[in-house]
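Novice: What follows is the file data-v2.cif, containing mmCIF, C-alpha atoms and all ligand atoms:
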data_structure
loop_
_atom_site.label_atom_id
_atom_site.label_comp_id
_atom_site.auth_asym_id
_atom_site.auth_seq_id
_atom_site.Cartn_x
_atom_site.Cartn_y
_atom_site.Cartn_z
CA MET A 44 143.00 14.48 41.74
CA PHE A 45 142.36 18.19 41.20
CA THR A 46 140.14 19.19 38.35
CA ALA A 47 141.39 22.01 36.11
CA ARG A 48 138.79 24.30 37.70
CA GLN A 49 139.96 23.43 41.26
CA ALA A 50 143.58 23.94 40.26
CA PHE A 51 142.70 27.31 38.71
CA SER A 52 140.73 28.45 41.72
CA GLN A 53 143.56 27.40 44.06
CA ALA A 54 146.07 29.26 41.90
CA SER A 55 143.89 32.35 41.80
CA ARG A 56 143.42 32.19 45.59
CA ARG A 57 147.20 32.03 45.96
CA ALA A 58 147.58 34.90 43.53
CA PHE A 59 144.96 36.86 45.45
CA SER A 60 146.55 36.25 48.83
CA SER A 61 149.98 37.06 47.49
CA SER A 62 148.64 40.22 45.85
CA ALA A 63 147.02 41.10 49.18
CA ARG A 64 150.47 40.66 50.66
CA GLN A 65 151.98 42.77 47.96
CA SER A 66 149.82 45.75 48.78
CA SER A 67 150.48 46.68 52.39
CA LYS A 68 149.85 50.37 52.35
CA VAL A 69 150.86 52.20 55.52
CA THR A 70 149.84 55.83 56.04
CA VAL A 71 151.49 58.18 58.52
CA LEU A 72 149.49 61.24 59.63
CA GLY A 73 151.91 63.74 61.16
CA ALA A 74 154.74 62.38 59.00
CA ALA A 75 156.91 65.52 59.05
CA GLY A 76 157.23 65.69 62.83
CA GLY A 77 159.87 64.57 65.28
CA ILE A 78 158.39 61.07 65.40
CA GLY A 79 156.86 61.09 61.92
CA GLN A 80 160.14 61.50 60.03
CA PRO A 81 162.22 58.71 61.62
CA LEU A 82 159.13 56.48 61.77
CA SER A 83 158.60 56.97 58.04
CA LEU A 84 162.28 56.23 57.46
CA LEU A 85 162.04 52.94 59.39
CA LEU A 86 158.86 52.00 57.53
CA LYS A 87 160.63 52.67 54.21
CA LEU A 88 163.26 50.15 55.28
CA ASN A 89 160.61 47.50 56.04
CA PRO A 90 160.10 45.18 53.05
CA ARG A 91 156.59 44.31 54.28
CA VAL A 92 155.49 47.87 53.53
CA THR A 93 154.82 48.23 49.83
CA LYS A 94 153.30 51.69 49.79
CA LEU A 95 154.03 54.49 52.22
CA SER A 96 151.72 57.50 52.25
CA LEU A 97 152.87 60.54 54.18
CA TYR A 98 150.56 63.33 55.30
CA ASP A 99 151.15 66.36 57.50
CA ILE A 100 149.95 69.95 57.61
CA ARG A 101 153.47 70.88 56.49
CA LEU A 102 156.35 69.34 54.56
CA ALA A 103 155.00 65.86 53.82
CA PRO A 104 155.87 66.06 50.08
CA GLY A 105 159.43 67.10 51.04
CA VAL A 106 159.87 64.26 53.51
CA ALA A 107 158.47 61.83 50.92
CA ALA A 108 160.84 63.12 48.20
CA ASP A 109 163.78 62.59 50.55
CA ILE A 110 162.78 59.14 51.85
CA GLY A 111 161.65 58.10 48.36
CA HIS A 112 165.27 58.03 47.15
CA ILE A 113 166.13 55.17 49.51
CA ASN A 114 166.76 52.05 47.44
CA THR A 115 164.04 49.80 48.79
CA LYS A 116 161.08 48.76 46.66
CA SER A 117 158.20 50.56 48.34
CA GLU A 118 156.52 53.52 46.70
CA VAL A 119 156.47 56.71 48.81
CA ILE A 120 153.89 59.43 48.27
CA GLY A 121 153.80 62.76 50.05
CA HIS A 122 150.33 64.26 50.12
CA GLU A 123 149.34 67.90 50.06
CA ALA A 124 147.82 69.36 53.23
CA THR A 125 144.31 69.57 51.77
CA PRO A 126 141.16 67.52 52.43
CA SER A 127 141.67 65.72 49.12
CA GLY A 128 145.33 65.11 50.00
CA LEU A 129 144.27 63.58 53.31
CA ALA A 130 141.60 61.46 51.60
CA ALA A 131 144.12 60.16 49.07
CA ALA A 132 146.63 59.41 51.84
CA LEU A 133 144.04 57.29 53.64
CA LYS A 134 142.43 55.48 50.72
CA ASP A 135 143.18 51.71 50.76
CA ALA A 136 145.46 51.97 53.81
CA GLU A 137 145.93 48.74 55.75
CA ILE A 138 147.52 50.61 58.64
CA VAL A 139 147.16 54.28 59.62
CA VAL A 140 149.70 55.50 62.17
CA ILE A 141 148.91 58.81 63.87
CA PRO A 142 151.72 60.77 65.57
CA ALA A 143 150.13 64.16 64.72
CA GLY A 144 149.95 66.64 67.57
CA VAL A 145 152.07 68.70 69.92
CA PRO A 146 154.63 67.20 72.30
CA ARG A 147 155.27 68.13 75.95
CA LYS A 148 157.59 70.74 77.36
CA PRO A 149 159.21 70.42 80.82
CA GLY A 150 156.66 70.79 83.62
CA MET A 151 153.74 69.53 81.55
CA THR A 152 151.86 66.26 81.95
CA ARG A 153 150.56 64.37 78.93
CA ASP A 154 147.07 65.43 79.98
CA ASP A 155 148.16 69.07 79.50
CA LEU A 156 148.32 68.25 75.76
CA PHE A 157 144.63 67.36 75.71
CA ASN A 158 143.34 70.81 74.75
CA THR A 159 145.41 70.91 71.57
CA ASN A 160 145.67 67.27 70.58
CA ALA A 161 142.09 66.13 71.24
CA SER A 162 140.73 68.13 68.31
CA ILE A 163 143.66 67.21 66.02
CA VAL A 164 143.04 63.50 66.65
CA ARG A 165 139.24 63.92 66.44
CA ASP A 166 139.52 65.52 62.99
CA LEU A 167 142.01 62.97 61.66
CA ALA A 168 139.82 60.17 63.07
CA LYS A 169 136.85 61.60 61.15
CA ALA A 170 138.85 61.47 57.93
CA ALA A 171 140.06 57.94 58.70
CA ALA A 172 136.52 56.75 59.49
CA GLU A 173 135.41 58.12 56.14
CA HIS A 174 138.29 57.10 53.88
CA ALA A 175 139.85 54.09 55.65
CA PRO A 176 137.08 52.57 57.78
CA ASP A 177 138.61 49.09 57.69
CA ALA A 178 142.21 50.06 58.43
CA ASN A 179 144.10 49.34 61.63
CA ILE A 180 144.40 52.68 63.42
CA LEU A 181 147.50 53.17 65.58
CA ILE A 182 147.35 56.15 67.92
CA ILE A 183 150.62 57.65 69.09
CA SER A 184 149.42 61.22 69.79
CA ASN A 185 149.17 62.00 73.50
CA PRO A 186 147.41 61.72 75.83
CA VAL A 187 146.95 58.18 74.47
CA ASN A 188 144.62 57.29 77.40
CA SER A 189 142.19 59.89 75.99
CA THR A 190 142.98 60.03 72.26
CA VAL A 191 142.15 56.33 71.79
CA PRO A 192 138.63 56.76 73.27
CA ILE A 193 138.22 59.93 71.16
CA THR A 194 138.99 57.93 68.02
CA ALA A 195 136.62 55.14 69.08
CA GLU A 196 133.77 57.61 69.68
CA ILE A 197 134.26 59.14 66.22
CA PHE A 198 134.25 55.71 64.55
CA LYS A 199 131.15 54.76 66.56
CA ALA A 200 129.37 57.95 65.49
CA LYS A 201 130.17 57.14 61.86
CA GLY A 202 128.94 53.54 62.33
CA VAL A 203 132.29 51.96 61.43
CA TYR A 204 133.83 51.18 64.84
CA ASN A 205 135.72 47.90 64.98
CA PRO A 206 137.31 47.48 68.42
CA LYS A 207 139.70 44.91 66.99
CA ARG A 208 141.35 47.50 64.78
CA LEU A 209 142.05 50.41 67.14
CA PHE A 210 145.34 50.45 69.06
CA GLY A 211 146.99 52.89 71.44
CA VAL A 212 150.72 52.46 70.91
CA THR A 213 152.27 51.69 74.31
CA THR A 214 155.25 49.77 72.89
CA LEU A 215 157.71 52.40 74.12
CA ASP A 216 156.83 51.57 77.74
CA VAL A 217 157.84 47.95 77.18
CA VAL A 218 160.95 48.97 75.27
CA ARG A 219 161.97 51.17 78.22
CA ALA A 220 161.04 48.60 80.87
CA SER A 221 163.19 46.03 79.09
CA ARG A 222 166.10 48.40 78.57
CA PHE A 223 166.06 49.66 82.17
CA ILE A 224 166.05 46.18 83.73
CA SER A 225 168.91 45.12 81.45
CA GLN A 226 170.92 48.10 82.70
CA LEU A 227 170.28 47.05 86.31
CA LYS A 228 170.96 43.36 85.77
CA ASN A 229 173.66 43.58 83.12
CA THR A 230 171.69 41.46 80.68
CA ASP A 231 171.12 41.76 76.94
CA PRO A 232 168.02 43.96 76.52
CA ALA A 233 167.15 42.02 73.36
CA ASN A 234 166.39 39.06 75.64
CA GLU A 235 164.25 41.06 78.06
CA ASN A 236 160.53 41.44 77.54
CA ILE A 237 158.94 43.01 80.59
CA THR A 238 155.15 43.06 80.59
CA VAL A 239 153.69 46.54 81.10
CA VAL A 240 149.94 47.01 81.51
CA GLY A 241 147.47 49.84 82.13
CA GLY A 242 147.75 53.02 80.09
CA HIS A 243 150.37 55.45 78.83
CA SER A 244 151.04 58.15 81.41
CA GLY A 245 152.65 58.27 84.84
CA ALA A 246 150.80 56.15 87.38
CA THR A 247 148.77 54.40 84.67
CA ILE A 248 151.96 52.69 83.41
CA VAL A 249 152.31 49.46 85.41
CA PRO A 250 155.39 47.29 84.85
CA LEU A 251 154.97 43.68 86.00
CA LEU A 252 158.55 42.79 86.76
CA SER A 253 157.59 39.70 88.77
CA GLN A 254 156.26 38.02 85.62
CA SER A 255 159.78 37.95 84.21
CA GLY A 256 161.11 36.29 87.34
CA TYR A 257 162.73 39.42 88.78
CA SER A 258 162.24 40.48 92.36
CA LEU A 259 163.73 43.89 93.09
CA GLU A 260 163.13 45.08 96.64
CA GLY A 261 162.52 48.37 98.45
CA GLU A 262 164.14 51.46 97.00
CA LYS A 263 165.52 49.57 94.00
CA LEU A 264 162.02 48.45 93.04
CA ALA A 265 160.53 51.90 93.66
CA ASN A 266 163.23 53.54 91.52
CA TYR A 267 162.73 51.05 88.71
CA VAL A 268 158.97 51.49 88.66
CA TYR A 269 159.36 55.29 88.76
CA ARG A 270 161.81 55.22 85.86
CA VAL A 271 159.43 53.17 83.70
CA GLN A 272 156.43 55.32 84.65
CA PHE A 273 158.28 58.59 84.10
CA GLY A 274 160.78 57.60 81.38
CA GLY A 275 159.07 60.05 79.04
CA ASP A 276 159.78 62.88 81.51
CA GLU A 277 163.50 62.02 81.48
CA VAL A 278 163.57 62.76 77.75
CA VAL A 279 161.34 65.85 77.98
CA LYS A 280 163.68 67.27 80.63
CA ALA A 281 166.85 66.44 78.68
CA LYS A 282 165.45 67.99 75.47
CA ASP A 283 164.81 71.12 77.53
CA GLY A 284 161.80 72.54 75.71
CA ALA A 285 162.50 71.05 72.28
CA GLY A 286 160.01 68.21 72.59
CA SER A 287 159.76 64.65 73.86
CA ALA A 288 160.92 61.20 72.81
CA THR A 289 160.99 60.95 69.01
CA LEU A 290 163.69 58.47 67.99
CA SER A 291 162.93 55.74 70.54
CA MET A 292 159.23 56.30 69.78
CA ALA A 293 159.85 55.92 66.07
CA MET A 294 161.54 52.59 66.79
CA ALA A 295 158.63 51.51 69.02
CA GLY A 296 156.02 52.58 66.43
CA ALA A 297 157.89 50.78 63.65
CA ARG A 298 158.08 47.65 65.82
CA PHE A 299 154.33 47.68 66.47
CA THR A 300 153.55 48.27 62.78
CA GLU A 301 155.86 45.40 61.79
CA SER A 302 154.09 43.12 64.30
CA LEU A 303 150.69 43.97 62.84
CA LEU A 304 151.90 43.35 59.30
CA LYS A 305 153.46 40.03 60.31
CA ALA A 306 150.21 38.95 61.97
CA ALA A 307 148.14 40.13 58.99
CA GLN A 308 150.36 38.04 56.75
CA GLY A 309 149.58 34.91 58.77
CA GLN A 310 152.38 34.71 61.35
CA LYS A 311 151.14 33.18 64.60
CA ASN A 312 151.89 34.10 68.22
CA VAL A 313 152.61 37.74 67.49
CA ILE A 314 152.08 39.40 70.87
CA GLU A 315 152.47 43.08 71.64
CA PRO A 316 151.30 45.16 74.57
CA THR A 317 148.77 47.74 73.39
CA PHE A 318 145.97 49.94 74.73
CA VAL A 319 142.72 48.57 73.33
CA ASP A 320 139.00 48.28 73.96
CA SER A 321 139.36 45.55 76.57
CA PRO A 322 137.03 43.39 78.65
CA LEU A 323 139.53 43.10 81.51
CA TYR A 324 138.29 45.94 83.76
CA LYS A 325 134.99 46.93 82.13
CA ASP A 326 133.22 45.79 85.30
CA GLN A 327 135.08 48.63 87.07
CA GLY A 328 134.07 51.13 84.38
CA VAL A 329 137.44 51.06 82.59
CA GLU A 330 136.68 50.50 78.91
CA TYR A 331 140.23 50.54 77.52
CA PHE A 332 143.29 48.88 78.96
CA ALA A 333 146.77 47.94 77.79
CA SER A 334 147.88 44.35 78.22
CA ASN A 335 149.60 41.78 76.06
CA VAL A 336 147.51 41.29 72.95
CA GLU A 337 147.88 38.57 70.36
CA LEU A 338 147.59 40.10 66.90
CA GLY A 339 146.08 38.41 63.85
CA PRO A 340 144.72 39.12 60.37
CA ASN A 341 141.69 40.81 61.94
CA GLY A 342 143.71 42.97 64.30
CA VAL A 343 143.15 41.99 67.93
CA GLU A 344 143.07 38.20 68.08
CA LYS A 345 143.22 37.61 71.84
CA ILE A 346 143.54 39.92 74.83
CA HIS A 347 145.68 38.32 77.50
CA PRO A 348 144.61 38.79 81.12
CA VAL A 349 147.00 40.50 83.49
CA GLY A 350 147.84 37.18 85.18
CA LYS A 351 149.53 36.56 88.51
CA ILE A 352 150.98 39.67 90.15
CA THR A 353 152.49 40.62 93.51
CA ASP A 354 150.68 42.69 96.17
CA HIS A 355 152.91 45.64 95.27
CA GLU A 356 151.92 45.36 91.60
CA GLN A 357 148.27 45.07 92.63
CA GLY A 358 148.64 48.39 94.48
CA LEU A 359 150.07 49.99 91.33
CA LEU A 360 147.24 48.53 89.27
CA ASP A 361 144.58 49.87 91.65
CA ALA A 362 146.06 53.37 91.38
CA CYS A 363 146.30 53.01 87.60
CA LEU A 364 142.61 52.15 87.20
CA VAL A 365 141.50 55.29 89.08
CA ASP A 366 143.47 57.62 86.76
CA LEU A 367 142.74 55.63 83.64
CA LYS A 368 139.01 55.83 84.12
CA LYS A 369 139.20 59.64 84.40
CA ASN A 370 141.41 59.94 81.28
CA ILE A 371 139.09 57.70 79.25
CA ASN A 372 135.94 59.52 80.36
CA LYS A 373 137.56 62.84 79.48
CA GLY A 374 138.07 61.65 75.90
CA VAL A 375 134.51 60.30 75.61
CA ASP A 376 133.03 63.50 77.06
CA PHE A 377 135.10 65.64 74.70
CA VAL A 378 133.52 64.02 71.64
CA LYS A 379 130.04 64.32 73.20
CA SER A 380 130.46 68.08 73.64
CA ASN A 381 132.62 68.68 70.54
CA PRO A 382 131.36 66.18 67.96
N1 LIG B 401 152.56 57.01 72.43
C1 LIG B 401 153.77 57.29 72.82
O1 LIG B 401 154.44 56.45 73.44
C2 LIG B 401 154.40 58.61 72.51
C3 LIG B 401 153.64 59.64 72.06
N2 LIG B 401 154.18 60.85 71.75
C4 LIG B 401 153.29 61.90 71.24
O2 LIG B 401 153.37 61.96 69.81
C5 LIG B 401 152.95 63.26 69.37
C6 LIG B 401 153.91 63.80 68.34
O3 LIG B 401 155.16 64.06 68.89
P1 LIG B 401 156.35 64.70 68.00
O4 LIG B 401 156.45 63.99 66.71
O5 LIG B 401 157.53 64.80 68.85
O6 LIG B 401 155.76 66.16 67.72
P2 LIG B 401 156.16 67.19 66.55
O7 LIG B 401 155.58 68.50 66.90
O8 LIG B 401 157.60 67.10 66.27
O9 LIG B 401 155.39 66.58 65.30
C7 LIG B 401 154.01 66.56 65.21
C8 LIG B 401 153.64 66.69 63.75
O10 LIG B 401 152.22 66.66 63.67
C9 LIG B 401 151.85 67.56 62.64
N3 LIG B 401 150.45 67.92 62.77
C10 LIG B 401 149.86 68.75 63.65
N4 LIG B 401 148.54 68.83 63.40
C11 LIG B 401 148.29 68.00 62.37
C12 LIG B 401 147.13 67.65 61.65
N5 LIG B 401 145.94 68.17 61.94
N6 LIG B 401 147.25 66.78 60.63
C13 LIG B 401 148.45 66.24 60.31
N7 LIG B 401 149.60 66.55 60.95
C14 LIG B 401 149.50 67.41 61.96
C15 LIG B 401 152.80 68.75 62.81
O11 LIG B 401 152.86 69.55 61.64
C16 LIG B 401 154.10 68.03 63.11
O12 LIG B 401 154.85 67.77 61.94
C17 LIG B 401 152.86 64.11 70.65
O13 LIG B 401 151.52 64.23 71.02
C18 LIG B 401 153.63 63.30 71.67
O14 LIG B 401 153.23 63.56 72.98
C19 LIG B 401 155.52 61.06 71.87
C20 LIG B 401 156.35 60.05 72.32
C21 LIG B 401 155.85 58.76 72.72
O1 LIG B 402 156.68 61.81 77.54
C1 LIG B 402 156.04 62.24 76.55
O2 LIG B 402 155.36 63.25 76.58
C2 LIG B 402 156.10 61.45 75.30
C3 LIG B 402 155.74 60.06 75.60
O3 LIG B 402 154.59 59.68 75.62
C4 LIG B 402 156.81 59.16 76.01
O4 LIG B 402 158.00 59.44 75.80
O5 LIG B 402 156.49 58.12 76.58
#
I need this file expressed as structure tokens, please.
Ligand SMILES: NC(=O)C1=CN([C@@H]2O[C@H](COP(=O)(O)OP(=O)(O)OC[C@H]3O[C@@H](n4cnc5c(N)ncnc54)[C@H](O)[C@@H]3O)[C@@H](O)[C@H]2O)C=CC1
Ligand SMILES: O=C([O-])CC(=O)C(=O)O
Specialist:
Amino acid sequence: MFTARQAFSQASRRAFSSSARQSSKVTVLGAAGGIGQPLSLLLKLNPRVTKLSLYDIRLAPGVAADIGHINTKSEVIGHEATPSGLAAALKDAEIVVIPAGVPRKPGMTRDDLFNTNASIVRDLAKAAAEHAPDANILIISNPVNSTVPITAEIFKAKGVYNPKRLFGVTTLDVVRASRFISQLKNTDPANENITVVGGHSGATIVPLLSQSGYSLEGEKLANYVYRVQFGGDEVVKAKDGAGSATLSMAMAGARFTESLLKAAQGQKNVIEPTFVDSPLYKDQGVEYFASNVELGPNGVEKIHPVGKITDHEQGLLDACLVDLKKNINKGVDFVKSNP
């Protein structure tokens, strides 16, 4: 038999957990951009998001006014491009998604964005470390292989680094890998889930087709791997100077955010590929690595190992690790010399 006190405390625990559920604030930094706008739209349509805070150096209040008319329950706030606007956007956020920064033009690599985006991400990471130290931080801004380590170094310097709550968003690579195999095999892409590991640029993107039971050979395999590794370039080329993937990225970012919210709200077996502080290749000096990660209320719950792969995939992985290490070190060194 429950005593009145036990019954009360159980009821208040329930009320607390449901109120925790009722306050899933998601903040988008870079919300007025090519990714930021459709991402914010998709987040407004997600009933798990109760408060949506939009920040950008331009237009965030306008985007918020527009999206705020959509007849879903969540509150949308567009913040002014001031330090206090940024602080208010971040305060109490459960998830901070960062697509702020410049996109590629044809002929550029993601690493060519480093000079501009490294300092943008560094400064936003400083604000996040100060005003949302416990939030899950989702980095979309490229080059992800370097901007994630930059964010980690800033959080470390501020004494608030939690490796379980920092994620490089590599979901688009898996979305593409699944879509491209479905086009080759005439299957429903919704039923495809190709594992992609490594990082998020060119040779660091390693699709593990064999783990889904597929065995393409020769040129077919080479073409498939190339398309997954350089899918971003296809879009950059087609947009012809007007930017890179925005709509598919918005979908991928919204999917990852939804997965984190589901996991935070107690759903089990939520697994997404993501670029995190990972033990898998630390012995080779590679501190961050994307693999399938089980998400939970504390962020990263379990990092899955790469598992069984073919000799061809091992060759891709070896090449990936060489580039990845350089990209990661570049981010770490940047914060050392430009704190
Ligand atoms: N992780 C991934 O898979 C992908 C990453 N990306 C990357 O996402 C980034 C954004 O791409 P787009 O949205 O197409 O670019 P965009 O130029 O359309 O939008 C970027 C937005 O960031 C804002 N911004 C710039 N500095 C800011 C600051 N200090 N604070 C707040 N906002 C700031 C700009 O005002 C702009 O609205 C690029 O770096 C791109 O390479 C793009 C596609 C996929
Ligand atoms: O290709 C780019 O620059 C944008 C990006 O990261 C992607 O589409 O995967």
Novice: Which protein, DNA or RNA residues have an atom within 10 Å of ligand LIG 402 (chain B), counting only C-alpha atoms and all ligand atoms, as a ChimeraX atom specification?
Specialist: /A:145-149,151-156,183-187,212-216,219,243-245,248,271-280,286-292
Novice: Skip Pro316 (chain A) itself and residues of its chain fewer than 4 positions away, then list as a ChimeraX atom specification all residues within 8 Å of it, counting all atoms listed in the file.
Specialist: /A:213-214,217,238-240,333-336
Novice: Do you know which residues are at most 6 Å from Leu95 (chain A) counting only C-alpha atoms, after dropping those on the same chain fewer than 6 positions away, and could you put them as a PyMOL selection string?
Specialist: chain A and resi 68-70+119
Novice: Taking only C-alpha atoms and all ligand atoms into account, name the residue in A:Leu88, A:Ala285, A:Ala130, A:Ala265 that is nearest to ligand LIG 401 (chain B).
Specialist: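 Ranking A:Leu88, A:Ala285, A:Ala130, A:Ala265 by distance to ligand LIG 401 (chain B), first place goes to A:Ala285.
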Novice: Please determine an axis-aligned box that encloses all atoms of ligand LIG 401 (chain B) listed in the file, with 5 Å added on each side, and express its centre and edge lengths in Å to one decimal as JSON.
Specialist:
{"center_x": 151.8, "center_y": 63.0, "center_z": 66.9, "size_x": 21.7, "size_y": 23.1, "size_z": 23.1}
Novice: Just checking: using only C-alpha atoms and all ligand atoms, which residue out of A:Asn312, A:Ser253, A:Thr317, A:Ser221 ends up closest to ligand LIG 401 (chain B)?
Specialist: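 Closest to ligand LIG 401 (chain B), using only C-alpha atoms and all ligand atoms: A:Thr317.
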Novice: Which of these, A:Leu84, A:Leu338, A:Ala107, A:Leu264, has the shortest distance to Ala306 (chain A) once you count all atoms listed in the file?
Specialist: A:Leu338
Novice: Nearest to Gly284 (chain A): which of A:Ala172, A:Gln254, A:Lys373, A:Gly150 is it, counting all atoms listed in the file?
Specialist: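 Distance minimum relative to Gly284 (chain A) lands on A:Gly150.
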